[in-house]
$ cat entry-v3.csv   # CSV, C-alpha atoms
chain,number,residue,atom,x,y,z
A,29,MET,CA,-41.0,37.9,44.5
A,30,PRO,CA,-39.5,36.3,47.7
A,31,ASN,CA,-39.5,38.3,50.9
A,32,LYS,CA,-36.3,40.4,51.0
A,33,GLY,CA,-37.1,42.0,54.3
A,34,ALA,CA,-36.6,38.7,56.1
A,35,ASN,CA,-33.1,38.3,54.6
A,36,THR,CA,-32.1,41.7,55.8
A,37,ILE,CA,-33.0,40.9,59.4
A,38,MET,CA,-31.1,37.6,59.2
A,39,THR,CA,-27.8,39.3,58.2
A,40,SER,CA,-28.0,42.0,60.9
A,41,TYR,CA,-27.5,39.8,64.0
A,42,ILE,CA,-26.3,36.4,62.7
A,43,MET,CA,-22.7,35.8,61.6
A,44,PRO,CA,-22.8,35.9,57.8
A,45,THR,CA,-21.5,32.3,57.3
A,46,TYR,CA,-24.2,31.4,54.7
A,47,GLY,CA,-25.1,33.0,51.4
A,48,ARG,CA,-28.8,33.0,52.1
A,49,LEU,CA,-31.5,33.3,49.4
A,50,PRO,CA,-34.1,36.1,50.0
A,51,VAL,CA,-36.9,33.8,51.2
A,52,THR,CA,-38.4,32.7,54.5
A,53,PHE,CA,-40.4,29.5,54.7
A,54,THR,CA,-43.2,29.3,57.2
A,55,LYS,CA,-44.6,25.8,56.6
A,56,GLY,CA,-44.1,22.6,54.7
A,57,GLU,CA,-45.9,19.5,53.7
A,58,GLY,CA,-44.4,16.6,51.8
A,59,ALA,CA,-42.4,18.0,48.9
A,60,TRP,CA,-44.0,21.5,49.2
A,61,LEU,CA,-42.8,24.6,51.2
A,62,TRP,CA,-44.7,27.9,51.6
A,63,ASP,CA,-43.1,31.3,52.2
A,64,GLN,CA,-44.4,34.3,54.2
A,65,ASP,CA,-46.5,35.4,51.3
A,66,ASN,CA,-48.0,31.9,50.9
A,67,LYS,CA,-46.2,31.3,47.7
A,68,ARG,CA,-45.6,27.6,47.2
A,69,TYR,CA,-42.3,26.0,46.2
A,70,LEU,CA,-41.4,22.5,45.1
A,71,ASP,CA,-38.5,21.4,47.3
A,72,ALA,CA,-36.0,19.4,45.1
A,73,LEU,CA,-33.3,19.7,47.8
A,74,SER,CA,-35.0,18.5,51.0
A,75,GLY,CA,-32.7,20.5,53.3
A,76,ILE,CA,-29.7,18.9,51.5
A,77,ALA,CA,-30.9,15.3,51.8
A,78,VAL,CA,-32.2,15.8,55.3
A,79,CYS,CA,-36.0,15.5,54.8
A,80,ASN,CA,-36.2,12.2,53.0
A,81,LEU,CA,-39.8,11.8,54.3
A,82,GLY,CA,-40.7,15.3,53.2
A,83,HIS,CA,-41.8,18.1,55.5
A,84,ALA,CA,-44.1,17.6,58.5
A,85,HIS,CA,-44.4,13.8,58.1
A,86,PRO,CA,-47.0,12.7,60.5
A,87,ALA,CA,-45.0,9.8,61.9
A,88,VAL,CA,-42.1,12.1,62.9
A,89,HIS,CA,-44.5,14.7,64.2
A,90,GLU,CA,-46.2,12.1,66.4
A,91,ALA,CA,-42.9,10.7,67.7
A,92,ILE,CA,-41.4,14.0,68.7
A,93,CYS,CA,-44.6,15.3,70.2
A,94,ALA,CA,-45.0,12.1,72.3
A,95,GLN,CA,-41.4,12.1,73.4
A,96,SER,CA,-41.4,15.8,74.3
A,97,GLN,CA,-44.3,15.2,76.7
A,98,GLN,CA,-42.2,12.5,78.5
A,99,LEU,CA,-38.5,13.4,78.4
A,100,LEU,CA,-36.3,15.5,76.1
A,101,HIS,CA,-32.8,14.9,77.4
A,102,THR,CA,-30.7,13.1,79.9
A,103,SER,CA,-27.0,12.9,79.9
A,104,ASN,CA,-25.1,9.9,78.4
A,105,LEU,CA,-24.0,9.2,81.9
A,106,TYR,CA,-27.3,7.2,82.1
A,107,ASN,CA,-29.0,4.5,80.1
A,108,ILE,CA,-31.2,5.8,77.3
A,109,PRO,CA,-33.6,3.1,76.1
A,110,SER,CA,-34.5,4.7,72.8
A,111,GLN,CA,-30.8,5.1,72.0
A,112,GLU,CA,-30.3,1.4,72.6
A,113,GLN,CA,-33.3,0.6,70.4
A,114,LEU,CA,-32.0,2.8,67.6
A,115,ALA,CA,-28.5,1.4,67.8
A,116,SER,CA,-29.9,-2.1,67.7
A,117,LYS,CA,-32.0,-1.3,64.6
A,118,LEU,CA,-29.1,0.4,62.8
A,119,CYS,CA,-26.8,-2.6,63.5
A,120,GLU,CA,-29.6,-5.0,62.3
A,121,LEU,CA,-30.0,-3.0,59.0
A,122,SER,CA,-26.3,-2.5,58.3
A,123,ALA,CA,-24.6,-5.7,59.8
A,124,MET,CA,-22.3,-3.4,61.8
A,125,ASP,CA,-21.5,-4.1,65.5
A,126,ASN,CA,-22.1,-0.9,67.4
A,127,VAL,CA,-22.8,2.8,67.1
A,128,PHE,CA,-21.7,6.2,68.6
A,129,PHE,CA,-24.3,8.9,68.4
A,130,SER,CA,-23.6,12.6,67.8
A,131,ASN,CA,-25.5,15.7,66.6
A,132,SER,CA,-24.3,16.0,63.0
A,133,GLY,CA,-22.4,14.4,60.2
A,134,ALA,CA,-19.2,16.3,60.9
A,135,GLU,CA,-19.2,15.0,64.4
A,136,ALA,CA,-19.8,11.5,63.2
A,137,ASN,CA,-16.9,11.9,60.8
A,138,GLU,CA,-14.8,13.2,63.7
A,139,ALA,CA,-15.5,10.0,65.5
A,140,ALA,CA,-14.4,8.0,62.4
A,141,ILE,CA,-11.1,9.9,62.2
A,142,LYS,CA,-10.4,9.3,65.9
A,143,ILE,CA,-11.1,5.6,65.4
A,144,ALA,CA,-8.6,5.5,62.5
A,145,ARG,CA,-5.9,7.2,64.7
A,146,LEU,CA,-6.5,4.8,67.6
A,147,TYR,CA,-6.3,1.9,65.2
A,148,GLY,CA,-3.0,3.3,63.9
A,149,HIS,CA,-1.5,3.8,67.3
A,150,GLU,CA,-2.4,0.2,68.3
A,151,LYS,CA,-0.3,-0.8,65.3
A,152,ASN,CA,2.6,1.2,66.7
A,153,ILE,CA,2.4,3.8,63.9
A,154,ASP,CA,3.3,7.2,65.5
A,155,SER,CA,1.8,9.4,62.7
A,156,PRO,CA,-1.1,7.4,61.2
A,157,ALA,CA,-2.6,8.8,58.0
A,158,ILE,CA,-6.0,8.4,56.4
A,159,LEU,CA,-6.4,8.2,52.6
A,160,VAL,CA,-9.0,10.6,51.4
A,161,MET,CA,-10.3,11.6,47.9
A,162,GLU,CA,-10.1,14.8,45.8
A,163,GLN,CA,-13.4,16.7,45.6
A,164,SER,CA,-14.5,15.1,48.8
A,165,PHE,CA,-16.5,16.8,51.5
A,166,HIS,CA,-16.5,15.5,55.1
A,167,GLY,CA,-17.5,18.6,57.2
A,168,ARG,CA,-16.3,21.9,58.5
A,169,THR,CA,-14.8,21.1,61.9
A,170,MET,CA,-11.0,21.3,61.9
A,171,ALA,CA,-10.4,17.5,61.4
A,172,THR,CA,-13.2,17.0,58.8
A,173,LEU,CA,-12.2,20.3,57.1
A,174,SER,CA,-8.6,18.8,56.8
A,175,ALA,CA,-10.0,15.6,55.4
A,176,THR,CA,-12.1,17.6,52.9
A,177,SER,CA,-10.6,18.4,49.5
A,178,ASN,CA,-11.9,21.8,48.7
A,179,PRO,CA,-9.4,24.7,48.8
A,180,LYS,CA,-12.3,27.2,49.0
A,181,VAL,CA,-13.7,25.9,52.3
A,182,GLN,CA,-10.2,25.4,53.7
A,183,ALA,CA,-9.0,28.9,52.8
A,184,GLY,CA,-8.0,31.0,55.9
A,185,PHE,CA,-8.1,28.1,58.3
A,186,THR,CA,-4.5,26.9,58.1
A,187,PRO,CA,-2.7,25.1,59.7
A,188,LEU,CA,-4.9,22.2,58.9
A,189,LEU,CA,-4.5,18.9,60.7
A,190,GLU,CA,-1.9,16.6,59.4
A,191,GLY,CA,-2.4,12.9,58.6
A,192,PHE,CA,-4.4,12.9,55.3
A,193,VAL,CA,-3.1,11.6,52.0
A,194,ARG,CA,-5.2,12.7,49.0
A,195,VAL,CA,-5.8,10.8,45.7
A,196,PRO,CA,-8.2,11.3,42.8
A,197,TYR,CA,-11.8,9.9,43.3
A,198,ASN,CA,-12.7,6.7,41.4
A,199,ASP,CA,-9.0,5.9,40.7
A,200,ILE,CA,-8.0,2.5,42.2
A,201,ALA,CA,-4.5,2.7,40.7
A,202,ALA,CA,-3.9,6.0,42.6
A,203,ILE,CA,-5.0,4.3,45.8
A,204,LYS,CA,-2.6,1.4,45.3
A,205,GLU,CA,0.3,3.8,44.6
A,206,ALA,CA,-0.5,5.8,47.7
A,207,ILE,CA,-0.6,2.7,49.9
A,208,ASN,CA,2.8,1.6,48.5
A,209,THR,CA,4.5,4.9,49.0
A,210,HIS,CA,3.0,5.8,52.5
A,211,SER,CA,3.6,3.1,55.0
A,212,ASN,CA,1.7,5.1,57.7
A,213,ILE,CA,-1.8,4.9,55.9
A,214,VAL,CA,-4.2,3.1,58.3
A,215,ALA,CA,-7.6,3.8,56.7
A,216,ILE,CA,-9.4,4.8,53.5
A,217,PHE,CA,-12.2,7.3,54.0
A,218,VAL,CA,-14.5,7.8,51.0
A,219,GLU,CA,-18.0,8.8,50.0
A,220,PRO,CA,-19.9,6.1,48.0
A,221,VAL,CA,-21.2,9.0,45.9
A,222,GLN,CA,-19.6,12.5,46.2
A,223,GLY,CA,-22.5,14.9,46.9
A,224,GLU,CA,-20.9,18.3,47.5
A,225,GLY,CA,-18.2,17.4,44.9
A,226,GLY,CA,-20.9,17.4,42.1
A,227,VAL,CA,-22.9,14.1,42.5
A,228,ASN,CA,-19.9,12.1,41.3
A,229,ILE,CA,-20.8,8.4,40.9
A,230,PRO,CA,-17.8,6.0,40.8
A,231,ALA,CA,-17.4,2.8,38.8
A,232,PRO,CA,-19.8,0.1,40.0
A,233,ASP,CA,-17.0,-2.0,41.5
A,234,TYR,CA,-15.1,0.9,43.1
A,235,LEU,CA,-16.1,0.2,46.7
A,236,ASN,CA,-15.5,-3.6,46.1
A,237,LYS,CA,-11.9,-2.9,45.1
A,238,ILE,CA,-11.3,-0.6,48.0
A,239,ARG,CA,-12.7,-3.3,50.3
A,240,GLU,CA,-10.2,-5.8,48.8
A,241,LEU,CA,-7.3,-3.4,49.2
A,242,CYS,CA,-8.2,-2.7,52.8
A,243,ASP,CA,-8.3,-6.4,53.6
A,244,GLN,CA,-5.0,-7.0,51.8
A,245,HIS,CA,-3.2,-4.2,53.7
A,246,ALA,CA,-5.1,-4.4,57.0
A,247,LEU,CA,-6.6,-0.9,56.6
A,248,LEU,CA,-9.9,0.3,57.9
A,249,MET,CA,-12.5,0.9,55.2
A,250,MET,CA,-14.5,3.9,56.3
A,251,LEU,CA,-17.5,5.2,54.4
A,252,ASP,CA,-19.0,8.7,54.7
A,253,GLU,CA,-22.7,8.0,54.2
A,254,VAL,CA,-23.8,11.2,55.8
A,255,GLN,CA,-25.6,12.1,52.5
A,256,THR,CA,-26.1,8.7,50.9
A,257,GLY,CA,-27.5,6.9,54.0
A,258,ILE,CA,-31.1,6.0,55.0
A,259,ALA,CA,-32.4,5.1,51.6
A,260,ARG,CA,-31.2,8.1,49.5
A,261,THR,CA,-29.5,5.9,46.9
A,262,GLY,CA,-32.1,3.1,46.9
A,263,ALA,CA,-30.7,1.0,49.7
A,264,TRP,CA,-30.6,1.6,53.4
A,265,PHE,CA,-26.8,2.3,53.0
A,266,ALA,CA,-25.1,2.8,49.7
A,267,PHE,CA,-22.5,0.1,50.4
A,268,GLN,CA,-25.3,-2.5,50.2
A,269,HIS,CA,-25.4,-2.0,46.4
A,270,ASN,CA,-21.9,-3.6,46.4
A,271,ASN,CA,-22.6,-6.4,48.9
A,272,ILE,CA,-19.7,-5.4,51.1
A,273,ILE,CA,-19.5,-4.3,54.8
A,274,PRO,CA,-17.2,-1.4,55.8
A,275,ASP,CA,-15.3,-1.2,59.1
A,276,VAL,CA,-16.7,2.2,59.8
A,277,CYS,CA,-19.8,4.0,58.4
A,278,THR,CA,-21.1,7.5,59.3
A,279,LEU,CA,-24.6,8.8,59.0
A,280,ALA,CA,-26.5,11.9,59.7
A,281,LYS,CA,-28.7,14.0,57.4
A,282,ALA,CA,-31.8,11.8,56.8
A,283,LEU,CA,-31.6,9.9,60.0
A,284,GLY,CA,-33.7,12.3,62.0
A,285,ASN,CA,-35.6,13.9,59.0
A,286,GLY,CA,-34.8,17.4,60.5
A,287,VAL,CA,-34.1,16.5,64.1
A,288,PRO,CA,-30.3,16.8,64.5
A,289,ILE,CA,-28.6,13.4,65.0
A,290,GLY,CA,-25.5,11.7,63.6
A,291,ALA,CA,-24.1,8.2,64.0
A,292,CYS,CA,-20.7,6.5,63.6
A,293,MET,CA,-21.2,2.8,63.1
A,294,ALA,CA,-18.2,0.4,63.5
A,295,LYS,CA,-17.5,-3.3,63.0
A,296,GLY,CA,-14.9,-5.8,64.1
A,297,LYS,CA,-11.7,-4.3,65.4
A,298,ALA,CA,-12.9,-0.8,64.7
A,299,ALA,CA,-15.8,-1.4,67.1
A,300,THR,CA,-13.5,-2.0,70.1
A,301,LEU,CA,-11.4,1.2,70.0
A,302,LEU,CA,-13.6,4.0,71.4
A,303,THR,CA,-13.9,3.1,75.0
A,304,ALA,CA,-15.0,5.0,78.1
A,305,GLY,CA,-13.4,8.4,78.2
A,306,LYS,CA,-12.1,8.3,74.6
A,307,HIS,CA,-15.0,10.2,73.1
A,308,GLY,CA,-18.4,11.8,73.9
A,309,SER,CA,-21.2,14.1,73.0
A,310,THR,CA,-23.5,16.0,75.4
A,311,PHE,CA,-26.6,15.9,73.2
A,312,GLY,CA,-25.7,12.9,71.0
A,313,GLY,CA,-28.4,10.3,70.9
A,314,ASN,CA,-30.8,12.0,73.4
A,315,PRO,CA,-34.3,10.6,73.8
A,316,LEU,CA,-35.9,13.2,71.4
A,317,ALA,CA,-33.5,12.6,68.6
A,318,CYS,CA,-33.6,8.9,68.9
A,319,SER,CA,-37.4,8.8,69.0
A,320,ALA,CA,-37.4,10.8,65.7
A,321,ALA,CA,-34.9,8.5,64.1
A,322,LEU,CA,-36.8,5.4,65.1
A,323,ALA,CA,-39.9,6.9,63.5
A,324,VAL,CA,-37.9,7.6,60.3
A,325,ILE,CA,-36.6,4.1,60.1
A,326,ASN,CA,-40.0,2.6,60.6
A,327,THR,CA,-41.5,4.9,58.0
A,328,VAL,CA,-38.8,4.1,55.4
A,329,ALA,CA,-39.5,0.4,55.9
A,330,THR,CA,-43.3,0.6,55.9
A,331,GLU,CA,-43.5,2.9,52.9
A,332,GLN,CA,-40.8,0.9,51.0
A,333,LEU,CA,-38.9,4.1,50.3
A,334,CYS,CA,-35.7,2.3,49.2
A,335,GLN,CA,-37.6,0.9,46.2
A,336,GLN,CA,-39.3,4.3,45.7
A,337,ALA,CA,-35.9,5.9,45.6
A,338,ILE,CA,-34.8,3.6,42.8
A,339,ASP,CA,-38.0,4.0,40.7
A,340,LYS,CA,-38.4,7.7,41.2
A,341,GLY,CA,-34.7,8.4,40.7
A,342,GLU,CA,-34.8,6.6,37.4
A,343,ALA,CA,-37.9,8.4,36.3
A,344,ILE,CA,-36.3,11.8,37.1
A,345,ASN,CA,-33.1,10.8,35.3
A,346,GLN,CA,-35.1,9.6,32.2
A,347,GLY,CA,-37.1,12.8,32.2
A,348,PHE,CA,-34.2,15.1,32.2
A,349,THR,CA,-32.3,12.9,29.7
A,350,GLU,CA,-35.2,13.1,27.3
A,351,LYS,CA,-35.5,16.9,27.7
A,352,LEU,CA,-31.8,17.9,27.8
A,353,SER,CA,-29.5,15.2,26.3
A,354,ALA,CA,-29.7,16.8,22.8
A,355,ASN,CA,-28.6,20.2,24.1
A,356,GLU,CA,-24.9,20.8,23.4
A,357,HIS,CA,-24.3,22.5,26.7
A,358,ILE,CA,-25.4,19.5,28.8
A,359,VAL,CA,-22.3,17.3,29.7
A,360,GLU,CA,-24.2,14.6,31.5
A,361,VAL,CA,-27.4,13.7,33.5
A,362,ARG,CA,-26.6,11.1,36.2
A,363,ASN,CA,-28.2,9.6,39.2
A,364,LYS,CA,-27.8,7.1,42.0
A,365,GLY,CA,-31.3,6.6,43.4
A,366,MET,CA,-32.5,10.0,44.4
A,367,MET,CA,-29.1,11.7,44.1
A,368,ILE,CA,-29.4,13.4,40.7
A,369,GLY,CA,-26.7,15.5,39.0
A,370,ILE,CA,-27.0,17.6,35.8
A,371,GLU,CA,-23.6,18.8,34.7
A,372,LEU,CA,-23.4,21.8,32.3
A,373,ASP,CA,-20.4,22.9,30.3
A,374,GLN,CA,-20.4,26.2,32.1
A,375,PRO,CA,-20.8,27.8,35.6
A,376,CYS,CA,-24.5,27.8,36.5
A,377,THR,CA,-24.9,29.0,40.1
A,378,GLU,CA,-27.3,31.7,38.8
A,379,LEU,CA,-29.8,29.0,38.1
A,380,VAL,CA,-30.5,28.6,41.9
A,381,ALA,CA,-32.0,32.1,42.1
A,382,LEU,CA,-33.8,31.7,38.8
A,383,ALA,CA,-35.4,28.4,40.0
A,384,LEU,CA,-36.3,30.0,43.3
A,385,ALA,CA,-38.2,32.7,41.4
A,386,ALA,CA,-40.0,30.0,39.5
A,387,GLY,CA,-41.0,28.2,42.7
A,388,LEU,CA,-38.4,25.5,42.7
A,389,LEU,CA,-35.6,24.8,45.2
A,390,ILE,CA,-32.4,23.4,43.7
A,391,ASN,CA,-28.6,23.5,44.4
A,392,VAL,CA,-25.5,23.8,42.4
A,393,THR,CA,-22.2,22.2,43.4
A,394,GLY,CA,-18.8,22.5,41.8
A,395,GLU,CA,-20.1,25.6,40.0
A,396,SER,CA,-21.4,23.7,37.0
A,397,SER,CA,-23.4,20.7,38.4
A,398,ILE,CA,-27.0,21.0,39.4
A,399,ARG,CA,-27.6,18.8,42.5
A,400,LEU,CA,-31.1,17.5,43.1
A,401,LEU,CA,-32.0,15.7,46.3
A,402,PRO,CA,-35.9,15.6,46.3
A,403,PRO,CA,-37.7,14.0,49.2
A,404,LEU,CA,-38.3,10.3,48.6
A,405,VAL,CA,-42.1,10.8,49.0
A,406,ILE,CA,-42.2,13.2,45.9
A,407,SER,CA,-45.3,12.3,43.8
A,408,THR,CA,-45.4,11.4,40.1
A,409,GLU,CA,-47.1,14.8,39.3
A,410,GLN,CA,-44.4,16.6,41.3
A,411,ILE,CA,-41.6,14.8,39.4
A,412,THR,CA,-43.2,15.9,36.1
A,413,LEU,CA,-43.4,19.5,37.4
A,414,LEU,CA,-39.7,19.3,38.5
A,415,VAL,CA,-38.5,18.0,35.1
A,416,GLU,CA,-40.6,20.4,33.0
A,417,THR,CA,-39.8,23.6,35.1
A,418,LEU,CA,-36.1,23.0,35.5
A,419,SER,CA,-35.5,21.8,32.0
A,420,ALA,CA,-37.1,25.0,30.6
A,421,LEU,CA,-34.9,27.1,33.0
A,422,ILE,CA,-31.8,25.3,31.9
A,423,VAL,CA,-32.5,25.6,28.2
A,424,ASP,CA,-33.2,29.3,28.6
A,425,PHE,CA,-30.1,29.8,30.7
A,426,VAL,CA,-27.6,28.2,28.3
A,427,SER,CA,-29.1,29.8,25.2
$ encode --input "entry-v3.csv" --output "structure tokens"
Amino acid sequence: MPNKGANTIMTSYIMPTYGRLPVTFTKGEGAWLWDQDNKRYLDALSGIAVCNLGHAHPAVHEAICAQSQQLLHTSNLYNIPSQEQLASKLCELSAMDNVFFSNSGAEANEAAIKIARLYGHEKNIDSPAILVMEQSFHGRTMATLSATSNPKVQAGFTPLLEGFVRVPYNDIAAIKEAINTHSNIVAIFVEPVQGEGGVNIPAPDYLNKIRELCDQHALLMMLDEVQTGIARTGAWFAFQHNNIIPDVCTLAKALGNGVPIGACMAKGKAATLLTAGKHGSTFGGNPLACSAALAVINTVATEQLCQQAIDKGEAINQGFTEKLSANEHIVEVRNKGMMIGIELDQPCTELVALALAAGLLINVTGESSIRLLPPLVISTEQITLLVETLSALIVDFVS
């Protein structure tokens, strides 16, 4: 069984903001993790889409070791060559114009929200509003919590920030109605695939129609790609599946493969609004984080991980569909690249602990949707093990 003693120590001196599972990991390699008792686990969550390259990838290890021997941090008061290289690379890959670096996805989304408000005030709108989606998740800072649509994570933190109008996800008619009834809307902020909301995949042309509406009404199209970015869905950025370019796009999780870094990319008018003194981040884009991110981008390109995400995501989807689709308790198996959701007709959070005991790391969102975010380097043999192990657990659970 997992080490219970370690969990007791964690809850004694650390604020209990997480419902931690009773296990302590001591090392990792690729898609594998080992606990204190040397028990091996297959990681089908990759730190919630952070470790796209798997654990202890040699390219990231080499980059952060080399950088740590030279320079860890300087203030953003000075030039940082690796930050400039990373920004240039991200703009080249995304066709965006410039980048603000932060430490996390929530901070990147805070920057996006501030850009939207600056954009509104330049249009002489005193109380600019941002259109956001039901079941969305944008972070836990006060602004991103206000943008998020989950009463459970908002409970106890009122008053929330004003300036957000909420409509159902994947509903273009609702967006049109909101734009017509709220003259102060200045931006639409949306996840290309909702992760925390249950791996919700919209209609194929959903983002295209939002782009059209933003152009028609002079609104900023802002995409939260904190979870979908850096090859997770089978493209560098999920918006590239739709052949569009947003005005603002945020990144984080996989960008550093475990080294904290976030980014808010902007284009056109949106790229001109955050000027000196308007925003900042002490640690954002420091030499260590940028060196790790540059190694990540180079590895994704050389190992062709975008294509691997497409091929492996389809293989996982097909495997679970073959094993589970005939079961009356399975609502749907769905995927976008290596974001995989298995929706049950009943709450299934207990499966997380059952999977852990079986040596498998998974997640459940929305109480009834299993969320799988395996590292993009997962092998064919590990995919087979994932499908066989989890399918058996699910069948036993629902029966």
$ closest_residue --input "entry-v3.csv" --among "A:Asn228, A:Asn104, A:Asn363, A:Asn137" --to "A:Thr349" --atoms "all atoms listed in the file"
A:Asn363
$ residues_around --input "entry-v3.csv" --residues "A:Glu378" --least-positions-apart "4" --cutoff "12 Å" --atoms "only C-alpha atoms" --output "PyMOL selection string"
chain A and resi 49+374+382-385+390-393+395-398+421-422+425-426
$ residues_around --input "entry-v3.csv" --residues "A:Ala84" --least-positions-apart "5" --cutoff "12 Å" --atoms "only C-alpha atoms" --output "compact mmCIF listing (two decimals) with C-alpha atoms, keeping the file's coordinate frame"
# COMPACT_ATOMS: atom_id res chain seq x y z
CA THR A 54 -43.20 29.30 57.20
CA LYS A 55 -44.60 25.80 56.60
CA GLY A 56 -44.10 22.60 54.70
CA GLU A 57 -45.90 19.50 53.70
CA GLY A 58 -44.40 16.60 51.80
CA ALA A 59 -42.40 18.00 48.90
CA TRP A 60 -44.00 21.50 49.20
CA LEU A 61 -42.80 24.60 51.20
CA SER A 74 -35.00 18.50 51.00
CA CYS A 79 -36.00 15.50 54.80
CA HIS A 89 -44.50 14.70 64.20
CA GLU A 90 -46.20 12.10 66.40
CA ALA A 91 -42.90 10.70 67.70
CA ILE A 92 -41.40 14.00 68.70
CA CYS A 93 -44.60 15.30 70.20
CA ASN A 285 -35.60 13.90 59.00
CA GLY A 286 -34.80 17.40 60.50
CA VAL A 287 -34.10 16.50 64.10
CA ALA A 320 -37.40 10.80 65.70
CA VAL A 324 -37.90 7.60 60.30
CA PRO A 403 -37.70 14.00 49.20
CA VAL A 405 -42.10 10.80 49.00
$ atom_distance --input "entry-v3.csv" --atom1 "atom CA of A:Leu352" --atom2 "atom CA of A:Ile229"
19.6 Å
